[in-house]
>>> print(open('structure03.cif').read())   # mmCIF, C-alpha atoms and all ligand atoms
data_query
loop_
_atom_site.label_atom_id
_atom_site.label_comp_id
_atom_site.auth_asym_id
_atom_site.auth_seq_id
_atom_site.Cartn_x
_atom_site.Cartn_y
_atom_site.Cartn_z
CA MET J 1 85.89 108.59 80.05
CA THR J 2 89.27 108.26 81.77
CA ASN J 3 92.03 106.60 79.78
CA LEU J 4 93.58 104.13 82.20
CA GLN J 5 96.60 103.35 80.03
CA GLY J 6 99.75 103.92 82.12
CA LYS J 7 97.90 104.70 85.34
CA VAL J 8 99.27 103.06 88.50
CA ALA J 9 97.16 101.18 91.06
CA ILE J 10 97.74 99.48 94.37
CA VAL J 11 95.33 96.66 95.19
CA THR J 12 95.64 95.50 98.80
CA GLY J 13 95.12 91.77 99.16
CA GLY J 14 95.35 91.73 95.39
CA ALA J 15 96.67 88.20 94.85
CA VAL J 16 93.60 86.05 95.54
CA GLY J 17 89.81 86.20 95.57
CA ILE J 18 88.13 89.51 94.77
CA GLY J 19 91.48 91.31 94.89
CA ALA J 20 92.94 89.09 92.17
CA ALA J 21 89.93 89.71 89.93
CA ILE J 22 90.38 93.48 90.44
CA THR J 23 94.10 93.22 89.69
CA LYS J 24 93.45 91.33 86.44
CA GLU J 25 90.69 93.69 85.32
CA LEU J 26 92.85 96.78 85.88
CA ALA J 27 95.89 95.19 84.20
CA GLN J 28 93.78 94.22 81.17
CA ASN J 29 92.86 97.90 80.87
CA GLY J 30 96.46 99.11 80.78
CA VAL J 31 96.95 99.89 84.46
CA LYS J 32 100.31 99.09 86.09
CA VAL J 33 99.31 97.12 89.17
CA VAL J 34 101.04 96.82 92.49
CA ILE J 35 99.72 93.59 93.94
CA ASN J 36 99.89 93.66 97.71
CA TYR J 37 99.74 90.35 99.54
CA ASN J 38 100.17 89.29 103.12
CA SER J 39 100.56 85.50 102.99
CA SER J 40 99.75 84.51 99.37
CA SER J 41 103.25 84.97 97.91
CA GLN J 42 102.96 82.21 95.28
CA ALA J 43 99.62 83.48 94.01
CA ALA J 44 101.03 87.03 93.85
CA GLU J 45 104.12 86.00 91.91
CA SER J 46 102.17 83.88 89.43
CA LEU J 47 99.71 86.73 88.88
CA VAL J 48 102.62 89.10 88.18
CA ALA J 49 104.02 86.55 85.71
CA SER J 50 100.74 86.11 83.87
CA ILE J 51 100.13 89.88 83.63
CA LYS J 52 103.65 90.36 82.22
CA GLU J 53 103.13 87.51 79.73
CA ASN J 54 100.11 89.41 78.46
CA GLY J 55 102.15 92.59 77.97
CA GLY J 56 101.14 94.34 81.19
CA GLU J 57 103.16 95.65 84.11
CA ALA J 58 102.84 94.39 87.67
CA LEU J 59 104.78 94.19 90.90
CA ALA J 60 104.11 92.02 93.96
CA VAL J 61 104.75 93.60 97.36
CA GLN J 62 104.41 91.79 100.68
CA ALA J 63 102.92 93.95 103.43
CA ASP J 64 100.56 93.46 106.33
CA VAL J 65 98.41 96.55 105.78
CA SER J 66 97.14 96.48 109.34
CA ASN J 67 100.64 97.68 110.22
CA SER J 68 101.17 101.35 109.36
CA ASP J 69 104.93 101.05 108.70
CA GLN J 70 104.38 98.16 106.27
CA ALA J 71 101.54 100.02 104.54
CA ALA J 72 103.80 103.05 104.10
CA LYS J 73 106.51 100.83 102.59
CA LEU J 74 103.93 99.41 100.17
CA VAL J 75 103.04 102.91 98.95
CA SER J 76 106.74 103.81 98.66
CA ALA J 77 107.41 100.66 96.63
CA ALA J 78 104.66 101.63 94.17
CA VAL J 79 105.86 105.22 93.76
CA ASP J 80 109.56 104.28 93.64
CA THR J 81 108.89 101.71 90.92
CA TYR J 82 106.37 103.50 88.74
CA GLY J 83 106.88 107.18 89.67
CA GLN J 84 103.22 107.91 90.40
CA LEU J 85 100.08 106.56 92.05
CA ASP J 86 96.57 107.08 90.67
CA ILE J 87 94.35 104.36 92.13
CA LEU J 88 94.20 102.76 95.58
CA VAL J 89 91.87 99.81 96.09
CA ASN J 90 91.50 98.88 99.75
CA ASN J 91 90.47 95.26 99.40
CA ALA J 92 92.33 93.45 102.21
CA GLY J 93 89.91 91.94 104.68
CA ILE J 94 89.24 89.11 107.09
CA THR J 95 86.34 87.77 109.10
CA ARG J 96 86.38 86.30 112.58
CA ASP J 97 82.71 85.59 113.05
CA ARG J 98 81.47 84.92 116.60
CA SER J 99 78.29 85.93 118.39
CA PHE J 100 79.08 88.97 120.52
CA LYS J 101 78.96 86.98 123.78
CA LYS J 102 81.79 84.77 122.49
CA LEU J 103 83.76 87.50 120.74
CA SER J 104 87.19 88.02 122.28
CA GLU J 105 88.90 91.39 122.37
CA GLU J 106 91.50 89.94 120.02
CA ASP J 107 88.79 88.95 117.48
CA TRP J 108 87.41 92.48 117.70
CA ARG J 109 90.74 94.27 117.33
CA LYS J 110 92.12 92.03 114.57
CA VAL J 111 89.09 92.51 112.32
CA ILE J 112 89.04 96.28 112.91
CA ASP J 113 92.80 96.44 112.27
CA VAL J 114 92.81 94.49 109.00
CA ASN J 115 89.59 95.84 107.49
CA LEU J 116 89.38 99.41 108.78
CA ASN J 117 92.67 100.63 110.25
CA SER J 118 94.35 99.37 107.09
CA VAL J 119 92.39 101.99 105.15
CA TYR J 120 93.88 104.74 107.29
CA ASN J 121 97.30 103.10 106.99
CA THR J 122 97.28 103.08 103.19
CA VAL J 123 95.40 106.31 102.45
CA SER J 124 97.67 108.37 104.74
CA PRO J 125 100.88 107.81 102.77
CA ALA J 126 99.08 107.47 99.40
CA LEU J 127 97.01 110.63 99.39
CA ALA J 128 99.75 113.12 98.50
CA HIS J 129 100.63 111.00 95.44
CA ILE J 130 97.03 110.27 94.35
CA SER J 131 96.26 114.00 94.63
CA GLN J 132 98.74 114.65 91.83
CA SER J 133 96.78 112.41 89.45
CA ASP J 134 94.34 113.90 86.96
CA ALA J 135 91.93 111.07 87.85
CA GLY J 136 92.69 109.86 91.37
CA ARG J 137 90.55 107.05 92.74
CA ILE J 138 90.28 105.67 96.26
CA ILE J 139 87.99 102.66 96.33
CA SER J 140 87.34 100.60 99.45
CA ILE J 141 85.76 97.17 99.36
CA SER J 142 83.22 97.37 102.16
CA SER J 143 80.34 94.88 102.46
CA ILE J 144 76.58 94.44 102.58
CA ILE J 145 77.25 93.49 106.22
CA GLY J 146 78.39 97.07 106.92
CA GLN J 147 75.01 98.26 105.64
CA ALA J 148 72.60 95.65 106.96
CA GLY J 149 74.51 93.99 109.83
CA GLY J 150 75.16 90.28 110.12
CA PHE J 151 74.58 87.71 112.87
CA GLY J 152 77.90 86.94 114.56
CA GLN J 153 79.57 89.82 112.75
CA THR J 154 79.62 92.81 115.13
CA ASN J 155 83.36 93.22 114.53
CA TYR J 156 83.18 92.87 110.73
CA ALA J 157 80.00 95.00 110.42
CA ALA J 158 81.58 97.78 112.50
CA ALA J 159 84.72 97.74 110.35
CA LYS J 160 82.81 97.69 107.06
CA ALA J 161 80.39 100.43 108.19
CA GLY J 162 83.43 102.43 109.29
CA MET J 163 84.82 102.20 105.78
CA ILE J 164 81.59 103.72 104.44
CA GLY J 165 81.70 106.64 106.89
CA PHE J 166 85.36 107.21 106.10
CA THR J 167 84.56 107.18 102.37
CA LYS J 168 81.79 109.79 102.61
CA SER J 169 83.87 112.13 104.78
CA LEU J 170 87.04 111.91 102.69
CA ALA J 171 84.95 112.33 99.52
CA LEU J 172 83.64 115.62 100.90
CA GLU J 173 87.13 116.79 101.79
CA LEU J 174 88.49 115.93 98.32
CA ALA J 175 85.45 116.87 96.24
CA LYS J 176 87.10 119.96 94.77
CA SER J 177 90.11 117.94 93.62
CA SER J 178 90.28 115.33 90.87
CA VAL J 179 90.21 112.49 93.43
CA THR J 180 87.00 110.52 93.96
CA VAL J 181 86.44 108.32 97.00
CA ASN J 182 83.93 105.48 96.89
CA ALA J 183 83.03 102.19 98.53
CA ILE J 184 81.88 99.01 96.87
CA CYS J 185 79.54 96.88 98.95
CA PRO J 186 79.52 93.31 97.68
CA GLY J 187 76.84 90.88 98.74
CA PHE J 188 77.88 87.21 98.97
CA ILE J 189 80.68 86.51 96.50
CA GLU J 190 82.08 83.07 95.70
CA THR J 191 85.58 83.24 97.27
CA SER J 192 87.39 81.46 100.08
CA MET J 193 85.79 83.90 102.54
CA VAL J 194 82.32 82.62 101.70
CA ALA J 195 83.60 79.03 101.54
CA GLU J 196 84.03 79.30 105.33
CA ILE J 197 80.24 79.56 105.74
CA PRO J 198 78.65 76.13 106.50
CA GLU J 199 76.87 74.71 103.43
CA ASN J 200 73.40 74.63 104.98
CA VAL J 201 73.71 78.27 106.09
CA LEU J 202 74.95 79.25 102.62
CA GLU J 203 71.93 77.54 101.01
CA GLN J 204 69.63 79.64 103.20
CA ILE J 205 71.53 82.80 102.22
CA VAL J 206 71.30 82.03 98.49
CA ALA J 207 67.57 81.36 98.85
CA LYS J 208 67.16 84.93 100.15
CA ILE J 209 69.15 86.54 97.31
CA PRO J 210 66.61 87.85 94.74
CA GLN J 211 68.87 86.71 91.86
CA LYS J 212 69.25 83.28 93.57
CA ARG J 213 73.00 82.94 93.17
CA LEU J 214 76.28 84.03 94.68
CA GLY J 215 78.20 86.82 92.97
CA GLN J 216 81.49 86.30 91.17
CA ALA J 217 84.72 88.12 92.01
CA GLU J 218 84.83 89.41 88.41
CA GLU J 219 81.51 91.18 88.97
CA ILE J 220 83.10 93.23 91.77
CA ALA J 221 86.13 93.91 89.56
CA LYS J 222 83.80 95.35 86.89
CA GLY J 223 82.48 97.78 89.50
CA VAL J 224 86.03 98.92 90.29
CA LEU J 225 86.76 99.36 86.58
CA PHE J 226 83.56 101.38 86.12
CA LEU J 227 84.48 103.76 88.97
CA CYS J 228 88.01 104.16 87.61
CA LYS J 229 87.00 104.70 83.98
CA ASP J 230 83.61 106.36 84.09
CA GLY J 231 83.35 107.58 87.66
CA ALA J 232 84.68 111.15 87.48
CA TYR J 233 81.36 112.56 88.78
CA ILE J 234 80.72 109.74 91.28
CA THR J 235 82.07 110.35 94.78
CA GLY J 236 81.13 109.45 98.34
CA GLN J 237 78.95 106.59 97.11
CA GLN J 238 78.34 102.97 97.92
CA LEU J 239 78.12 100.79 94.83
CA ASN J 240 76.00 97.79 95.82
CA ILE J 241 76.81 94.63 93.90
CA ASN J 242 74.68 92.08 95.67
CA GLY J 243 72.10 90.41 93.40
CA GLY J 244 69.37 92.57 94.94
CA LEU J 245 69.88 91.32 98.51
CA TYR J 246 70.06 94.84 99.98
CA MET J 247 68.45 97.76 98.18
P1 LIG P 301 89.71 86.22 100.54
O1 LIG P 301 89.76 85.37 99.33
O2 LIG P 301 89.76 85.60 101.89
O3 LIG P 301 90.82 87.34 100.40
C1 LIG P 301 91.17 88.16 101.47
C2 LIG P 301 92.31 89.03 100.99
O4 LIG P 301 92.72 89.91 102.06
C3 LIG P 301 93.54 88.22 100.61
O5 LIG P 301 94.10 88.76 99.44
C4 LIG P 301 94.50 88.45 101.77
O6 LIG P 301 95.87 88.42 101.41
C5 LIG P 301 94.12 89.85 102.17
N1 LIG P 301 94.56 90.15 103.52
C6 LIG P 301 94.09 89.63 104.67
N2 LIG P 301 94.79 90.15 105.71
C7 LIG P 301 95.70 91.01 105.18
C8 LIG P 301 96.67 91.86 105.73
N3 LIG P 301 96.86 91.94 107.06
N4 LIG P 301 97.44 92.60 104.90
C9 LIG P 301 97.27 92.53 103.54
N5 LIG P 301 96.34 91.75 102.98
C10 LIG P 301 95.56 91.00 103.79
O7 LIG P 301 88.33 87.05 100.56
P2 LIG P 301 87.61 87.91 99.45
O8 LIG P 301 86.22 87.44 99.43
O9 LIG P 301 88.38 87.98 98.21
O10 LIG P 301 87.60 89.34 100.20
C11 LIG P 301 88.16 90.50 99.64
C12 LIG P 301 87.47 91.70 100.27
O11 LIG P 301 86.09 91.69 99.93
C13 LIG P 301 87.52 91.72 101.79
O12 LIG P 301 87.70 93.03 102.26
C14 LIG P 301 86.13 91.24 102.18
O13 LIG P 301 85.77 91.69 103.46
C15 LIG P 301 85.31 91.84 101.08
N6 LIG P 301 84.01 91.21 100.88
C16 LIG P 301 83.92 89.92 100.51
C17 LIG P 301 82.66 89.35 100.32
C18 LIG P 301 82.49 87.94 99.91
O14 LIG P 301 81.32 87.48 99.90
N7 LIG P 301 83.48 87.19 99.54
C19 LIG P 301 81.51 90.12 100.54
C20 LIG P 301 81.65 91.44 100.92
C21 LIG P 301 82.91 91.98 101.07
P3 LIG P 301 96.79 87.08 101.61
O15 LIG P 301 96.01 85.96 101.00
O16 LIG P 301 98.03 87.43 100.88
O17 LIG P 301 97.00 86.92 103.08
#
>>> encode(input="structure03.cif", output="C-alpha cells")
Amino acid sequence: MTNLQGKVAIVTGGAVGIGAAITKELAQNGVKVVINYNSSSQAAESLVASIKENGGEALAVQADVSNSDQAAKLVSAAVDTYGQLDILVNNAGITRDRSFKKLSEEDWRKVIDVNLNSVYNTVSPALAHISQSDAGRIISISSIIGQAGGFGQTNYAAAKAGMIGFTKSLALELAKSSVTVNAICPGFIETSMVAEIPENVLEQIVAKIPQKRLGQAEEIAKGVLFLCKDGAYITGQQLNINGGLYM
C-alpha cells in the first residue's frame, strides 16, 4: 500500500463537482492538493480554506487547461510550491450535447479541447516530475459515454474515448517505471453536469441503471483514492463506477 502522506497532486477542475470530492478525499489522506479551477474561484478558495482548517495543505490555481501555456503554468505552480508532483487527476470536462446534424464545429472543437487536449496539455509538462515519484499516478476521468456512446454526444464520446486510448498507450510506455496510468469511467453522477439533463430524460436513465440511482461524486473520489493507494499493479485500465449500467 502506498503511503500518500506528503505526496503532491494536481486535480484539474478540482473546485466543484467530482473534482471537489477528489480534492477532499486526497487531502483527507495527507496529500497536498493543487486545486485547479477555470471559473469557480470562490469555490476553490473556500475549499483551500477548509482543507487548511483541517490541517491539510492546498493551493488554488486558475488555469484554462484547454490552453497549453496555462496548463504548463499550473504544473509549474505545483512544483514551485511543493517541490514535487506525484499525482495528476485530469478531471476538467464539459458537455455541449447536440445531435450531430446540429453540432457546430465550435461545439466539436471546444469539447475536444477541454476534455481531451487538456490531457495532453497537462501530462506533457507534468510527466518529467511525476516520473521522479516512487508512486506516480496519472488518472483521467473519462466516462461511460466514451465506452458506450451517447445520443447527442458525438463530441463528448469522441473526447472521452480518446482519453481511454491515450491512457492505454501511455500506460504501456510507462509500464517499466513506477508511474501507473488509468482512466475512471463514471456512469451518471449527481453533479451540475447531470443537472443539465431534462428531468424526464434523467428519470428514464435512472430506470435503466441496475442499481436504480445516480452515483455520488464521493464514489468516484473513492476510486481515485484506491488507484493512488492500492493501485501499484493496476495500469492501463478503465475503472467503471456506474451502478452496473455498462459492464
Ligand atoms: P461539473 O460539476 O460541471 O464540473 C466540471 C469541472 O470542469 C469544473 O471543475 C470546471 O471548473 C472544470 N472545467 C471546465 N472547463 C475547464 C477548463 N477549460 N479548464 C479547467 N477546468 C475546467 O461536472 P462534473 O460532473 O463534476 O464533471 C467532472 C468530470 O467528470 C468531467 O470530466 C466529466 O466529463 C466527468 N464525468 C461526469 C459524469 C457525471 O455524470 N457527472 C459522468 C461521467 C464523467 P470551473 O468550475 O472552475 O470552471
>>> closest_residue(input="structure03.cif", among="J:Ala148, J:Ala207, J:Ala9, J:Leu227", to="ligand LIG 301 (chain P)", atoms="all atoms listed in the file")
J:Ala148
>>> closest_atom_pairs(input="structure03.cif", of="chain J", to="ligand LIG 301 (chain P)", cutoff="7 Å", atoms="all atoms listed in the file", output="Markdown table")
| residue | atom | partner | partner_atom | distance |
| --- | --- | --- | --- | --- |
| J:Thr12 | CA | P:LIG301 | N5 | 5.7 |
| J:Gly13 | CA | P:LIG301 | O5 | 3.2 |
| J:Gly14 | CA | P:LIG301 | O5 | 5.2 |
| J:Ala15 | CA | P:LIG301 | O5 | 5.3 |
| J:Val16 | CA | P:LIG301 | O5 | 4.8 |
| J:Gly17 | CA | P:LIG301 | O9 | 3.5 |
| J:Ile18 | CA | P:LIG301 | O9 | 3.8 |
| J:Gly19 | CA | P:LIG301 | O9 | 5.6 |
| J:Asn36 | CA | P:LIG301 | C9 | 6.5 |
| J:Tyr37 | CA | P:LIG301 | O16 | 3.6 |
| J:Asn38 | CA | P:LIG301 | O16 | 3.6 |
| J:Ser39 | CA | P:LIG301 | O16 | 3.8 |
| J:Ser40 | CA | P:LIG301 | O16 | 3.7 |
| J:Ser41 | CA | P:LIG301 | O16 | 6.5 |
| J:Ala63 | CA | P:LIG301 | C9 | 5.8 |
| J:Asp64 | CA | P:LIG301 | N4 | 3.5 |
| J:Val65 | CA | P:LIG301 | N4 | 4.2 |
| J:Ser66 | CA | P:LIG301 | N3 | 5.1 |
| J:Asn91 | CA | P:LIG301 | O12 | 4.6 |
| J:Ala92 | CA | P:LIG301 | O4 | 3.6 |
| J:Gly93 | CA | P:LIG301 | O12 | 3.5 |
| J:Ile94 | CA | P:LIG301 | C6 | 5.4 |
| J:Thr95 | CA | P:LIG301 | O13 | 6.9 |
| J:Val114 | CA | P:LIG301 | N3 | 5.2 |
| J:Asn115 | CA | P:LIG301 | O12 | 6.2 |
| J:Ile141 | CA | P:LIG301 | O12 | 5.4 |
| J:Ser142 | CA | P:LIG301 | C21 | 5.5 |
| J:Ser143 | CA | P:LIG301 | C20 | 4.0 |
| J:Ile144 | CA | P:LIG301 | C20 | 6.1 |
| J:Cys185 | CA | P:LIG301 | C20 | 6.2 |
| J:Pro186 | CA | P:LIG301 | C20 | 4.3 |
| J:Gly187 | CA | P:LIG301 | C19 | 5.1 |
| J:Phe188 | CA | P:LIG301 | O14 | 3.6 |
| J:Ile189 | CA | P:LIG301 | O14 | 3.6 |
| J:Glu190 | CA | P:LIG301 | N7 | 5.8 |
| J:Thr191 | CA | P:LIG301 | O8 | 4.8 |
| J:Ser192 | CA | P:LIG301 | O1 | 4.6 |
| J:Met193 | CA | P:LIG301 | O2 | 4.4 |
| J:Val194 | CA | P:LIG301 | N7 | 5.2 |
>>> closest_residue(input="structure03.cif", among="J:Gly236, J:Pro125, J:Gly223, J:Pro198", to="Thr167 in chain J", atoms="all atoms listed in the file")
J:Gly236
>>> atom_distance(input="structure03.cif", atom1="CA of Asp134 in chain J", atom2="CA of Asn240 in chain J")
26.0 Å
>>> residues_around(input="structure03.cif", residues="Gly244 in chain J", least_positions_apart="4", cutoff="10 Å", atoms="only C-alpha atoms", output="number ranges by chain")
J: 187, 208-212, 240
>>> closest_residue(input="structure03.cif", among="J:Val206, J:Leu174, J:Ala43, J:Ala49", to="Ala27 in chain J", atoms="all atoms listed in the file")
J:Ala49
>>> closest_residue(input="structure03.cif", among="J:Leu116, J:Ile241, J:Ala20, J:Ile220", to="Ser50 in chain J", atoms="all atoms listed in the file")
J:Ala20
>>> atom_distance(input="structure03.cif", atom1="CA of Asp107 in chain J", atom2="CA of Ala71 in chain J")
21.3 Å
>>> residues_around(input="structure03.cif", residues="range 54-57 of chain J", least_positions_apart="6", cutoff="12 Å", atoms="only C-alpha atoms", output="VMD selection string")
chain J and resid 5 to 9 23 to 35 47 to 48 78 81 to 82
>>> atom_distance(input="structure03.cif", atom1="CA of Cys228 in chain J", atom2="CA of Gln216 in chain J")
19.3 Å
>>> residues_near_point(input="structure03.cif", point="(79.6, 100.4, 101.6)", cutoff="7 Å", atoms="all atoms listed in the file", output="list in words")
Ser142, Ser143, Ile144, Gly146, Gln147, Lys160, Ala161, Met163, Ile164, Ala183, Ile184, Cys185, Gln238 and Leu239 of chain J
>>> closest_residue(input="structure03.cif", among="J:Asp86, J:Glu218, J:Asp80, J:Glu106", to="Asn3 in chain J", atoms="all atoms listed in the file")
J:Asp86
>>> residues_around(input="structure03.cif", residues="Ala171 in chain J", least_positions_apart="3", cutoff="10 Å", atoms="all atoms listed in the file", output="PyMOL selection string")
chain J and resi 138+165-168+174-177+179-182+234-237
>>> residues_near_point(input="structure03.cif", point="(99.3, 114.1, 94.4)", cutoff="12 Å", atoms="all atoms listed in the file", output="PyMOL selection string")
chain J and resi 79+83-87+123-137+174+177-179
>>> decode(input="structure03.cif", residues="range 37-121 of chain J", atoms="C-alpha atoms", output="mmCIF file, in the first residue's frame")
data_model
loop_
_atom_site.group_PDB
_atom_site.id
_atom_site.type_symbol
_atom_site.label_atom_id
_atom_site.label_comp_id
_atom_site.auth_asym_id
_atom_site.auth_seq_id
_atom_site.Cartn_x
_atom_site.Cartn_y
_atom_site.Cartn_z
ATOM 1 C CA TYR J 37 -10.160 25.879 -11.453
ATOM 2 C CA ASN J 38 -11.228 27.785 -14.521
ATOM 3 C CA SER J 39 -14.192 29.900 -13.386
ATOM 4 C CA SER J 40 -15.051 28.665 -9.859
ATOM 5 C CA SER J 41 -12.637 30.912 -7.930
ATOM 6 C CA GLN J 42 -14.812 31.251 -4.801
ATOM 7 C CA ALA J 43 -15.378 27.514 -4.531
ATOM 8 C CA ALA J 44 -11.628 26.909 -4.990
ATOM 9 C CA GLU J 45 -10.634 29.410 -2.303
ATOM 10 C CA SER J 46 -13.178 28.107 0.204
ATOM 11 C CA LEU J 47 -12.023 24.533 -0.436
ATOM 12 C CA VAL J 48 -8.409 25.590 0.196
ATOM 13 C CA ALA J 49 -9.526 27.275 3.439
ATOM 14 C CA SER J 50 -11.435 24.248 4.683
ATOM 15 C CA ILE J 51 -8.559 21.849 3.862
ATOM 16 C CA LYS J 52 -6.136 24.118 5.746
ATOM 17 C CA GLU J 53 -8.525 24.353 8.722
ATOM 18 C CA ASN J 54 -8.391 20.575 8.891
ATOM 19 C CA GLY J 55 -4.584 20.577 8.966
ATOM 20 C CA GLY J 56 -4.005 19.821 5.278
ATOM 21 C CA GLU J 57 -2.160 21.700 2.556
ATOM 22 C CA ALA J 58 -3.786 23.073 -0.579
ATOM 23 C CA LEU J 59 -3.291 25.703 -3.232
ATOM 24 C CA ALA J 60 -5.810 27.079 -5.741
ATOM 25 C CA VAL J 61 -4.524 27.824 -9.241
ATOM 26 C CA GLN J 62 -6.603 29.375 -12.013
ATOM 27 C CA ALA J 63 -5.888 27.892 -15.445
ATOM 28 C CA ASP J 64 -7.874 27.009 -18.522
ATOM 29 C CA VAL J 65 -6.359 23.582 -19.158
ATOM 30 C CA SER J 66 -7.501 23.588 -22.772
ATOM 31 C CA ASN J 67 -4.728 26.156 -23.246
ATOM 32 C CA SER J 68 -1.268 24.566 -23.230
ATOM 33 C CA ASP J 69 0.546 27.630 -21.822
ATOM 34 C CA GLN J 70 -1.898 27.874 -18.908
ATOM 35 C CA ALA J 71 -1.654 24.131 -18.249
ATOM 36 C CA ALA J 72 2.143 24.409 -18.148
ATOM 37 C CA LYS J 73 1.889 27.281 -15.658
ATOM 38 C CA LEU J 74 -0.401 25.139 -13.495
ATOM 39 C CA VAL J 75 2.200 22.362 -13.356
ATOM 40 C CA SER J 76 4.958 24.902 -12.609
ATOM 41 C CA ALA J 77 2.893 26.393 -9.783
ATOM 42 C CA ALA J 78 2.527 22.942 -8.199
ATOM 43 C CA VAL J 79 6.225 22.078 -8.466
ATOM 44 C CA ASP J 80 7.412 25.561 -7.424
ATOM 45 C CA THR J 81 5.198 25.467 -4.331
ATOM 46 C CA TYR J 82 5.615 21.894 -3.169
ATOM 47 C CA GLY J 83 8.875 20.796 -4.864
ATOM 48 C CA GLN J 84 7.457 17.632 -6.428
ATOM 49 C CA LEU J 85 4.477 16.169 -8.245
ATOM 50 C CA ASP J 86 3.202 12.619 -7.720
ATOM 51 C CA ILE J 87 -0.419 12.517 -8.861
ATOM 52 C CA LEU J 88 -2.237 14.157 -11.774
ATOM 53 C CA VAL J 89 -6.004 13.812 -11.976
ATOM 54 C CA ASN J 90 -7.395 15.003 -15.298
ATOM 55 C CA ASN J 91 -10.945 15.802 -14.262
ATOM 56 C CA ALA J 92 -11.797 19.025 -16.143
ATOM 57 C CA GLY J 93 -14.624 18.471 -18.573
ATOM 58 C CA ILE J 94 -17.622 19.975 -20.300
ATOM 59 C CA THR J 95 -20.523 18.806 -22.428
ATOM 60 C CA ARG J 96 -22.122 20.553 -25.369
ATOM 61 C CA ASP J 97 -24.722 17.999 -26.323
ATOM 62 C CA ARG J 98 -26.338 18.317 -29.767
ATOM 63 C CA SER J 99 -27.378 15.721 -32.317
ATOM 64 C CA PHE J 100 -24.650 15.512 -34.944
ATOM 65 C CA LYS J 101 -26.744 17.317 -37.579
ATOM 66 C CA LYS J 102 -26.960 20.349 -35.272
ATOM 67 C CA LEU J 103 -23.420 20.150 -33.917
ATOM 68 C CA SER J 104 -21.334 23.180 -34.862
ATOM 69 C CA GLU J 105 -17.612 22.989 -35.459
ATOM 70 C CA GLU J 106 -17.188 25.163 -32.373
ATOM 71 C CA ASP J 107 -19.165 22.675 -30.226
ATOM 72 C CA TRP J 108 -16.955 19.889 -31.562
ATOM 73 C CA ARG J 109 -13.651 21.667 -31.020
ATOM 74 C CA LYS J 110 -14.490 23.099 -27.590
ATOM 75 C CA VAL J 111 -15.443 19.711 -26.133
ATOM 76 C CA ILE J 112 -12.363 18.019 -27.629
ATOM 77 C CA ASP J 113 -10.157 20.865 -26.358
ATOM 78 C CA VAL J 114 -11.424 20.873 -22.766
ATOM 79 C CA ASN J 115 -11.836 17.122 -22.264
ATOM 80 C CA LEU J 116 -9.084 15.595 -24.408
ATOM 81 C CA ASN J 117 -6.484 18.150 -25.489
ATOM 82 C CA SER J 118 -6.292 19.239 -21.857
ATOM 83 C CA VAL J 119 -4.914 15.788 -21.026
ATOM 84 C CA TYR J 120 -2.054 16.303 -23.457
ATOM 85 C CA ASN J 121 -1.584 19.843 -22.131
#
